[in-house]
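Below is one structure, written out as structure tokens; the observations come after it.
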Amino acid sequence: MSFESLPANFLTTRIEDLVKWSRRNSVWPATFGLACCAIEMMATGAAHYDLARYGMEVFRASPRQADLMIVAGRVSQKMAPVLRQVYDQMVEPKWVISMGVCASTGGMFNNYALVQGVDQIVPVDVYVPGCPPGPETLMHGILTLHEQIRTGEILQRRVTSPTGGAALSIDALDGAPEPEPTAPSGAR
Amino acid sequence: MTRDVEAREGERLEHLTDEGAQEMRVRAPGHDAPGDGGTEMVLTGQQWPETEETMIVNMGPQHPSTHGVLRLMLELDGETILRCKPIIGYLHTGMEKTGEELTYAQGGTNVTRMDYASPFHNETVFAVAAEHLLGIEVPPRARWIRMLLCELNRISSHLLFLATNGMDIGAVSMMIYGWREREEVLRFFEAVTGLRMNHNFIRVGGTAADLPDGWEDDVTRVCDLVMDGVFDYDGLLTENPIWIERTVGVGVITAEEAKALGVTGPILRSTGVPRDLRRSPDSPLPYGEVDFDVIYTQNGDCFDRYRIRLSEIVESVKIVRQCVEKMPLGDYRVQDLKVTPPPRKRIDESMEALIHHFKLFTEGFKVPAGETYQAVESPRGELGCYLVSDGTSRPCRMHVRAPSFYNLQALPTMLRGALVADSVAIISSVDPIMGDVDR
Amino acid sequence: MADDDTTLDAADEARENVNEPPADPVLAAAAAAFPEAVAHESAGQPVIFLARDAWADFARWLHDDQGFDVLSDLCGVDHLLNAGRAVPAGVTPERFEVVANLTSFVHGGRLRAICEVPAADPVVPTLTGTYPGADWPERETFDLFGIRFDGHPDLTRILLPEDWQGHPLRKDDAPARVPVMFKGPGATPFQQARGR
């Protein structure tokens, strides 16, 4: 029985908010850096862009201890079963950010070797475009995810949707004024 | 990943070998060589028979210390590594196949993502190979801009090495310090090329654009910051007793082994062979006109490789400062209309420019039939491009000689007899970039 | 460079005698030691074409006698769509080529050795006896082209999954652009918007 299924009343709503707040503020990523995007992910965790201010600087090596899998880089056919296995080892609640165009759609490599989009293997919550996305874009994607966790959006959708993914997309941020996180389209 | 113990006689897909691509055969006592008739069992995962004393352990491909998706099968006797088999291909992207489908102008976007820590070197070697077949001569300013960017890239790649190497060995703060200086270099790259990584800036015929105004001040500021950082790292690590204990005498490779395996770059230079392609007389970049030293040591261990890369940052800063002084004026791209697209505003004025632009971006320029092998010195070693052209606008074969591919071949040699804890230090000192290894 | 015009240096001789054996001393020595081989200069780089049975012997000779101590690169090429290509006289073009780029750290020379490999029988002797560094590149060439290397200690797939069928870098295998997969009903809104 999860918090989401309790009928909302004053006491459980407050507890629900507390749980969502704590989940949002300590999302621990699993190390799943594959290629060039991994370098930008490391840069996001480094001092200049600093993921630690969101409580996310601890990249857990063990997927059992991680909440978030940032698939950073291109996923080859050989790596696909490994990706699924790491995702399966993560404990609920878990989220997936598909970082970069190679993870989102196969990117510029539309060929035999890559999985054309990691959402063919795992349900993705936020797609972050870019090749590679700069740290600011990745952070915007992470903050979008935080917002969805805060409002409970993602866990609600996972209950109702058969695919279990949130299917949000955001625009690349580097150099442009910050857009609002887009409201999800389609049925809740 | 666990599998039941099974007999493997004649059950394999490829009947040419005794060991599988992803397996290691356990040696029965008294039988040392694989393929010896004594052993019938192949094990993966975490099972091992009680009668054996050695253990086969899988490390990776998802592991915080394998520098990307590298998988190692280690045969252990307690903590000592007896044998190691690297299993690669987890990042295989089919880039050489994609390269046959892209024009020469687009080829840079593909090649630059192979060794993603030193993208300028990939772009340079591809552009140089295509220019060699085209028979065009790149203007001096373009060659100097290429050299400037390649040396700054060497600085940023070695900073990445220092950061990851430090973190793997336990100096976790090195990760933050290394990235601090690397951000300065990447900021300059963004100012020049528009991107922090994977720039597609060095193209056939020269570079995509000229350096922006005020670049000399930016570069000088970057050099000063990097030099301050390097002095900090030197003070933090070089005489640190923990660092010395963990790296001196660890992962030793001899010069003969390195040359036999095709190892190049800082690993080869750590064994006493002063081989640096920047010194070769037919180097495509004007290294002959700048003053720098080739750093090499004798011991072939992890500490030497760390020292060489640290000192190479200093040498690269020297080269970059000389580029600031000596940068020639002139074109940044060869003015051959068949290769270089016209400036955008000319397209409105001239029909010829419009047609050239159209043909160059849709069909691409044709490169005469032939083949060439060109190589440059990337931060990891000899980065080569073997380009075969069939006279059309797309390569017939584009093969990149990846330095990390050959360097990783030497990993079993370096790991033999080491402890498991040292394996992390050794892999890190090889500094493999899996995009280069798997392509 | 000699000031005396009556003596010719090597560069002058090469220019004057375009039909003579190549000026590169290694090529000249190779042409003498392996009379069946065809020496050639391709865009200024020395190249030698060898038959399959001379492949391993040539490598051994080059390593021991000529000081080419390093194999820089070994790869395969598929000329299926390029069958009408120009080759030097004495070379029969085949579908595949195995190309080895060798370097001497002793005297700084480079040499390219090419072996034509027919599609019907794609087997070439291994170079791992002379150059242990040929281990992985030969596995890669086998993986991507299907060219077998006779005598290789562990000829298995290296880049692709073990159970992959086919050899993708062959021109008639694995098109470089695969059609985008259709997701069907039940696709997420994002996927529907993308038209999958």
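Labeling convention for the structure tokens: chains A, B, ... as they appear, residues from 1 per chain, ligands from 1 in order of appearance.
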
Closest atom pairs, residues of chain A within 8 Å of chain B, only C-alpha atoms, as CSV:
```
residue,atom,partner,partner_atom,distance
A:Thr31,CA,B:Pro64,CA,6.6
A:Phe32,CA,B:Gln62,CA,6.8
A:Gly33,CA,B:Gly68,CA,6.7
A:Leu34,CA,B:Gly68,CA,5.5
A:Ala35,CA,B:Gly435,CA,6.4
A:Cys36,CA,B:Tyr116,CA,5.6
A:Ala43,CA,B:Trp179,CA,6.6
A:Ala46,CA,B:Ile176,CA,5.4
A:Ala47,CA,B:Ile176,CA,5.8
A:His48,CA,B:Arg180,CA,6.7
A:Ala61,CA,B:Pro64,CA,5.8
A:Arg74,CA,B:Leu91,CA,7.0
A:Val75,CA,B:Leu91,CA,6.7
A:Ser76,CA,B:Leu91,CA,5.5
A:Gln77,CA,B:Tyr90,CA,7.7
A:Lys78,CA,B:Tyr90,CA,5.4
A:Met79,CA,B:Tyr90,CA,5.1
A:Val82,CA,B:Gln62,CA,7.8
A:Phe109,CA,B:Thr98,CA,7.0
A:Asn111,CA,B:Gly94,CA,6.9
A:Tyr112,CA,B:Gly94,CA,7.0
A:Ala113,CA,B:Thr93,CA,5.1
A:Leu114,CA,B:Thr93,CA,5.9
A:Cys131,CA,B:Asn198,CA,7.8
A:Pro132,CA,B:Met197,CA,7.2
A:Gly134,CA,B:Arg196,CA,7.6
```

Would you output that residue set with N, CA and C atoms, as an mmCIF file, in the first residue's frame?
```cif
data_model
loop_
_atom_site.group_PDB
_atom_site.id
_atom_site.type_symbol
_atom_site.label_atom_id
_atom_site.label_comp_id
_atom_site.auth_asym_id
_atom_site.auth_seq_id
_atom_site.Cartn_x
_atom_site.Cartn_y
_atom_site.Cartn_z
ATOM 1 N N THR A 31 25.327 5.574 -11.381
ATOM 2 C CA THR A 31 26.326 5.871 -12.406
ATOM 3 C C THR A 31 25.988 5.065 -13.637
ATOM 4 N N PHE A 32 25.524 5.745 -14.677
ATOM 5 C CA PHE A 32 25.289 5.052 -15.931
ATOM 6 C C PHE A 32 25.775 5.923 -17.059
ATOM 7 N N GLY A 33 26.954 6.427 -16.904
ATOM 8 C CA GLY A 33 27.551 7.217 -17.960
ATOM 9 C C GLY A 33 28.150 6.311 -19.011
ATOM 10 N N LEU A 34 27.768 6.525 -20.240
ATOM 11 C CA LEU A 34 28.200 5.635 -21.305
ATOM 12 C C LEU A 34 29.227 6.297 -22.209
ATOM 13 N N ALA A 35 28.906 7.498 -22.691
ATOM 14 C CA ALA A 35 29.762 8.109 -23.711
ATOM 15 C C ALA A 35 29.942 9.587 -23.413
ATOM 16 N N CYS A 36 29.942 10.413 -24.465
ATOM 17 C CA CYS A 36 30.223 11.841 -24.310
ATOM 18 C C CYS A 36 29.310 12.516 -23.287
ATOM 19 N N ALA A 43 30.550 16.906 -15.482
ATOM 20 C CA ALA A 43 30.728 18.347 -15.359
ATOM 21 C C ALA A 43 29.584 18.966 -14.573
ATOM 22 N N ALA A 46 30.289 18.517 -11.038
ATOM 23 C CA ALA A 46 31.512 19.166 -10.559
ATOM 24 C C ALA A 46 31.203 20.537 -9.984
ATOM 25 N N ALA A 47 32.233 21.269 -9.630
ATOM 26 C CA ALA A 47 32.044 22.465 -8.819
ATOM 27 C C ALA A 47 31.307 23.581 -9.524
ATOM 28 N N HIS A 48 31.522 23.704 -10.848
ATOM 29 C CA HIS A 48 30.983 24.883 -11.498
ATOM 30 C C HIS A 48 29.466 24.845 -11.599
ATOM 31 N N ALA A 61 27.144 3.804 -6.988
ATOM 32 C CA ALA A 61 27.569 2.774 -7.933
ATOM 33 C C ALA A 61 26.599 1.619 -7.950
ATOM 34 N N ARG A 74 25.128 6.835 -25.737
ATOM 35 C CA ARG A 74 24.514 5.939 -26.699
ATOM 36 C C ARG A 74 24.488 4.514 -26.164
ATOM 37 N N VAL A 75 23.363 3.855 -26.378
ATOM 38 C CA VAL A 75 23.161 2.497 -25.871
ATOM 39 C C VAL A 75 23.294 1.540 -27.040
ATOM 40 N N SER A 76 24.333 0.734 -27.022
ATOM 41 C CA SER A 76 24.525 -0.206 -28.133
ATOM 42 C C SER A 76 23.692 -1.449 -27.888
ATOM 43 N N GLN A 77 23.560 -2.270 -28.914
ATOM 44 C CA GLN A 77 22.765 -3.493 -28.789
ATOM 45 C C GLN A 77 23.346 -4.405 -27.717
ATOM 46 N N LYS A 78 24.680 -4.372 -27.584
ATOM 47 C CA LYS A 78 25.314 -5.235 -26.583
ATOM 48 C C LYS A 78 25.041 -4.727 -25.177
ATOM 49 N N MET A 79 24.852 -3.439 -25.042
ATOM 50 C CA MET A 79 24.671 -2.847 -23.720
ATOM 51 C C MET A 79 23.226 -2.906 -23.265
ATOM 52 N N VAL A 82 22.216 -5.074 -20.351
ATOM 53 C CA VAL A 82 22.843 -4.586 -19.120
ATOM 54 C C VAL A 82 22.044 -3.416 -18.573
ATOM 55 N N PHE A 109 23.125 8.473 -34.979
ATOM 56 C CA PHE A 109 23.585 7.148 -35.377
ATOM 57 C C PHE A 109 22.391 6.240 -35.638
ATOM 58 N N ASN A 111 21.677 3.420 -37.145
ATOM 59 C CA ASN A 111 22.278 2.267 -37.800
ATOM 60 C C ASN A 111 22.066 1.005 -36.982
ATOM 61 N N TYR A 112 22.762 -0.029 -37.389
ATOM 62 C CA TYR A 112 22.533 -1.364 -36.818
ATOM 63 C C TYR A 112 22.963 -1.472 -35.369
ATOM 64 N N ALA A 113 23.876 -0.610 -34.958
ATOM 65 C CA ALA A 113 24.583 -0.863 -33.703
ATOM 66 C C ALA A 113 23.879 -0.315 -32.477
ATOM 67 N N LEU A 114 23.027 0.701 -32.635
ATOM 68 C CA LEU A 114 22.466 1.359 -31.466
ATOM 69 C C LEU A 114 20.991 1.061 -31.313
ATOM 70 N N CYS A 131 23.587 17.351 -27.885
ATOM 71 C CA CYS A 131 24.591 16.386 -28.296
ATOM 72 C C CYS A 131 25.974 16.941 -28.050
ATOM 73 N N PRO A 132 26.516 16.886 -26.842
ATOM 74 C CA PRO A 132 25.814 16.515 -25.631
ATOM 75 C C PRO A 132 25.075 17.697 -25.020
ATOM 76 N N GLY A 134 24.385 20.536 -22.601
ATOM 77 C CA GLY A 134 25.248 21.206 -21.647
ATOM 78 C C GLY A 134 24.748 20.979 -20.235
#
```

Pull the closest atom pair for each residue of segment 75-120 of chain A that gets at most 9 Å from segment 64-69 of chain A, along with the distance in Å to one decimal, counting only C-alpha atoms, ordering rows by chain and then ascending residue number, as a Markdown table.
```
| residue | atom | partner | partner_atom | distance |
| --- | --- | --- | --- | --- |
| A:Val86 | CA | A:Arg64 | CA | 8.7 |
| A:Tyr87 | CA | A:Met69 | CA | 7.4 |
| A:Gln89 | CA | A:Arg64 | CA | 5.8 |
| A:Met90 | CA | A:Arg64 | CA | 4.8 |
| A:Val91 | CA | A:Arg64 | CA | 6.0 |
| A:Glu92 | CA | A:Asp67 | CA | 7.6 |
| A:Pro93 | CA | A:Asp67 | CA | 6.7 |
| A:Lys94 | CA | A:Asp67 | CA | 4.7 |
| A:Trp95 | CA | A:Leu68 | CA | 4.8 |
| A:Val96 | CA | A:Met69 | CA | 4.8 |
| A:Ile97 | CA | A:Met69 | CA | 6.3 |
| A:Ser98 | CA | A:Met69 | CA | 8.3 |
```

Next, the residues of the selection above should be written as a PDB file, in the first residue's frame with N, CA and C atoms.
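Produced file selection.pdb, reproduced below:
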```pdb
ATOM      1  N   VAL A  86      20.269  -3.259 -14.925  1.00  0.00           N
ATOM      2  CA  VAL A  86      20.521  -2.238 -13.909  1.00  0.00           C
ATOM      3  C   VAL A  86      19.219  -1.568 -13.513  1.00  0.00           C
ATOM      4  N   TYR A  87      18.351  -1.304 -14.500  1.00  0.00           N
ATOM      5  CA  TYR A  87      17.059  -0.682 -14.188  1.00  0.00           C
ATOM      6  C   TYR A  87      16.234  -1.584 -13.291  1.00  0.00           C
ATOM      7  N   GLN A  89      17.271  -3.691 -11.182  1.00  0.00           N
ATOM      8  CA  GLN A  89      17.824  -3.784  -9.836  1.00  0.00           C
ATOM      9  C   GLN A  89      17.495  -2.574  -8.980  1.00  0.00           C
ATOM     10  N   MET A  90      17.103  -1.492  -9.620  1.00  0.00           N
ATOM     11  CA  MET A  90      16.770  -0.306  -8.834  1.00  0.00           C
ATOM     12  C   MET A  90      15.444  -0.532  -8.128  1.00  0.00           C
ATOM     13  N   VAL A  91      15.310   0.064  -6.961  1.00  0.00           N
ATOM     14  CA  VAL A  91      14.121  -0.141  -6.143  1.00  0.00           C
ATOM     15  C   VAL A  91      13.160   1.017  -6.386  1.00  0.00           C
ATOM     16  N   GLU A  92      11.850   0.736  -6.376  1.00  0.00           N
ATOM     17  CA  GLU A  92      10.854   1.793  -6.528  1.00  0.00           C
ATOM     18  C   GLU A  92      10.920   2.734  -5.348  1.00  0.00           C
ATOM     19  N   PRO A  93      10.609   4.020  -5.426  1.00  0.00           N
ATOM     20  CA  PRO A  93      10.342   4.717  -6.665  1.00  0.00           C
ATOM     21  C   PRO A  93      11.632   5.044  -7.413  1.00  0.00           C
ATOM     22  N   LYS A  94      11.596   4.867  -8.702  1.00  0.00           N
ATOM     23  CA  LYS A  94      12.777   5.111  -9.503  1.00  0.00           C
ATOM     24  C   LYS A  94      12.366   5.896 -10.737  1.00  0.00           C
ATOM     25  N   TRP A  95      13.299   6.682 -11.210  1.00  0.00           N
ATOM     26  CA  TRP A  95      13.048   7.506 -12.370  1.00  0.00           C
ATOM     27  C   TRP A  95      14.180   7.333 -13.363  1.00  0.00           C
ATOM     28  N   VAL A  96      13.891   7.666 -14.614  1.00  0.00           N
ATOM     29  CA  VAL A  96      14.911   7.562 -15.652  1.00  0.00           C
ATOM     30  C   VAL A  96      14.930   8.872 -16.417  1.00  0.00           C
ATOM     31  N   ILE A  97      16.109   9.432 -16.541  1.00  0.00           N
ATOM     32  CA  ILE A  97      16.302  10.575 -17.435  1.00  0.00           C
ATOM     33  C   ILE A  97      17.112  10.066 -18.615  1.00  0.00           C
ATOM     34  N   SER A  98      16.613  10.323 -19.815  1.00  0.00           N
ATOM     35  CA  SER A  98      17.349   9.940 -21.007  1.00  0.00           C
ATOM     36  C   SER A  98      18.125  11.176 -21.450  1.00  0.00           C
TER      37      SER A  98
END
```

Shell of 12 Å around Ile142 of chain A, only C-alpha atoms, local chain residues under 6 positions omitted, as an MDAnalysis selection string
chainID A and resid 24:29 41 44 51 54:56 68:70 95:99 125:128 135:136 148:149 168:170 181

Now that the selection is made, can you save its residues with C-alpha atoms as a short mmCIF file (atom, residue, chain, number, x, y, z; two decimals), in the first residue's frame?
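After the write, again06.cif holds the following:
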```cif
data_model
loop_
_atom_site.label_atom_id
_atom_site.label_comp_id
_atom_site.auth_asym_id
_atom_site.auth_seq_id
_atom_site.Cartn_x
_atom_site.Cartn_y
_atom_site.Cartn_z
CA ARG A 24 12.64 15.19 -4.53
CA ASN A 25 15.47 16.65 -2.54
CA SER A 26 17.64 13.59 -2.36
CA VAL A 27 17.40 11.90 -5.70
CA TRP A 28 20.55 9.82 -5.92
CA PRO A 29 21.65 9.04 -9.44
CA MET A 41 27.10 14.67 -16.54
CA THR A 44 27.25 18.93 -13.97
CA LEU A 51 24.49 19.07 -8.49
CA TYR A 54 20.04 19.56 -5.10
CA GLY A 55 21.36 16.79 -2.93
CA MET A 56 22.41 14.80 -5.96
CA LEU A 68 17.54 7.93 -10.69
CA MET A 69 19.17 6.43 -13.71
CA ILE A 70 20.53 9.08 -16.02
CA TRP A 95 13.05 7.51 -12.37
CA VAL A 96 14.91 7.56 -15.65
CA ILE A 97 16.30 10.58 -17.44
CA SER A 98 17.35 9.94 -21.01
CA MET A 99 20.23 12.34 -21.47
CA ASP A 125 10.49 10.18 -17.46
CA VAL A 126 12.41 13.13 -18.88
CA TYR A 127 14.17 13.40 -22.22
CA VAL A 128 17.02 15.88 -22.30
CA PRO A 135 25.14 21.05 -17.87
CA GLU A 136 22.48 23.75 -17.81
CA GLN A 148 7.00 16.43 -11.30
CA ILE A 149 8.00 14.54 -8.20
CA LEU A 168 7.92 14.86 -20.95
CA SER A 169 10.21 16.74 -23.24
CA ILE A 170 11.91 20.04 -22.71
CA PRO A 181 8.46 23.17 -17.70
#
```

Show me, as a PyMOL selection string, the residues of chain C whose atoms get within 8 Å of chain B, using only C-alpha atoms for the distance check.
chain C and resi 42-43+45+69-73+75+77-79+82+85+101+105+131-134+136+153-163+168-169+176

The selected residues should be written to file as a CSV table (one decimal), in the first residue's frame (atoms: C-alpha atoms).
```csv
chain,number,residue,atom,x,y,z
C,42,SER,CA,49.8,5.8,-53.4
C,43,ALA,CA,49.5,9.6,-52.9
C,45,GLN,CA,52.9,6.8,-49.4
C,69,ASP,CA,58.8,-3.0,-35.1
C,70,VAL,CA,55.3,-1.7,-34.7
C,71,LEU,CA,52.0,-2.6,-36.4
C,72,SER,CA,50.2,0.7,-36.3
C,73,ASP,CA,46.9,-0.5,-37.8
C,75,CYS,CA,41.8,-3.3,-41.0
C,77,VAL,CA,38.1,-3.0,-46.8
C,78,ASP,CA,35.1,-4.1,-48.8
C,79,HIS,CA,35.2,-3.1,-52.4
C,82,ASN,CA,34.0,-0.3,-56.2
C,85,ARG,CA,38.8,0.4,-59.2
C,101,ASN,CA,50.0,0.0,-41.8
C,105,PHE,CA,60.3,3.4,-34.5
C,131,TYR,CA,53.1,-8.6,-34.1
C,132,PRO,CA,51.1,-9.6,-31.0
C,133,GLY,CA,49.3,-6.3,-31.4
C,134,ALA,CA,47.4,-7.7,-34.3
C,136,TRP,CA,42.4,-7.3,-31.5
C,153,PRO,CA,44.6,-17.6,-30.9
C,154,ASP,CA,41.1,-16.4,-30.2
C,155,LEU,CA,39.1,-15.4,-33.3
C,156,THR,CA,35.8,-14.4,-31.8
C,157,ARG,CA,33.6,-11.3,-32.1
C,158,ILE,CA,34.9,-8.4,-30.2
C,159,LEU,CA,32.7,-5.4,-30.9
C,160,LEU,CA,29.3,-7.0,-31.6
C,161,PRO,CA,27.4,-9.3,-29.3
C,162,GLU,CA,28.6,-12.9,-29.4
C,163,ASP,CA,25.4,-14.1,-31.1
C,168,PRO,CA,27.9,-5.2,-40.7
C,169,LEU,CA,30.7,-3.5,-42.5
C,176,ALA,CA,23.4,2.1,-42.3
```

Distance in Å - atom CA of Met174 of chain B versus atom CA of Leu236 of chain B:
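Pair atom CA of Met174 of chain B / atom CA of Leu236 of chain B returns 8.9 Å.
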
Show which residues sit within 10 Å of Val324 of chain B, as an MDAnalysis selection string. Count only C-alpha atoms, and ignore same-chain residues fewer than 4 positions away.
chainID B and resid 144:145 148 215:217 219:220 319:320 328

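Comparing the minimum interatomic distances between chain C and each of A:Leu138, A:Ala80, A:Ala103, A:Val19, counting only C-alpha atoms, we find that A:Ala80 sits nearest.
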
Run DSSP on the backbone of this structure and report the residues of segment 13-69 of chain A it assigns to strand (DSSP E or B), as an NGL selection string.
:A and (29-30 or 33 or 60 or 68-69)

Residue selection dump (C-alpha atoms) as a JSON list (two decimals), in the first residue's frame:
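What ended up in part_13.json:
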```
[["chain", "number", "residue", "atom", "x", "y", "z"],
["A", 29, "PRO", "CA", 21.65, 9.04, -9.44],
["A", 30, "ALA", "CA", 23.09, 5.69, -10.44],
["A", 33, "GLY", "CA", 27.55, 7.22, -17.96],
["A", 60, "ARG", "CA", 25.72, 5.57, -6.23],
["A", 68, "LEU", "CA", 17.54, 7.93, -10.69],
["A", 69, "MET", "CA", 19.17, 6.43, -13.71]]
```

Residues within 7 Å of Ala418 of chain B, only C-alpha atoms, excluding chain neighbours under 4 positions, as number ranges by chain
B: 80-81, 422-423

Nearest to chain C, restricted to only C-alpha atoms and choosing among A:Glu147, A:Gly130, A:Asn110, A:Gln120, comes out as A:Asn110

Run DSSP on the backbone and grab whatever in segment 46-229 of chain B lands in alpha helix (DSSP H); send it over as number ranges by chain.
B: 95-99, 104-111, 119-134, 140-169, 173-193, 215-229

Students should find that atom CA of Ile169 of chain B and atom CA of Trp243 of chain B are spaced 7.8 Å
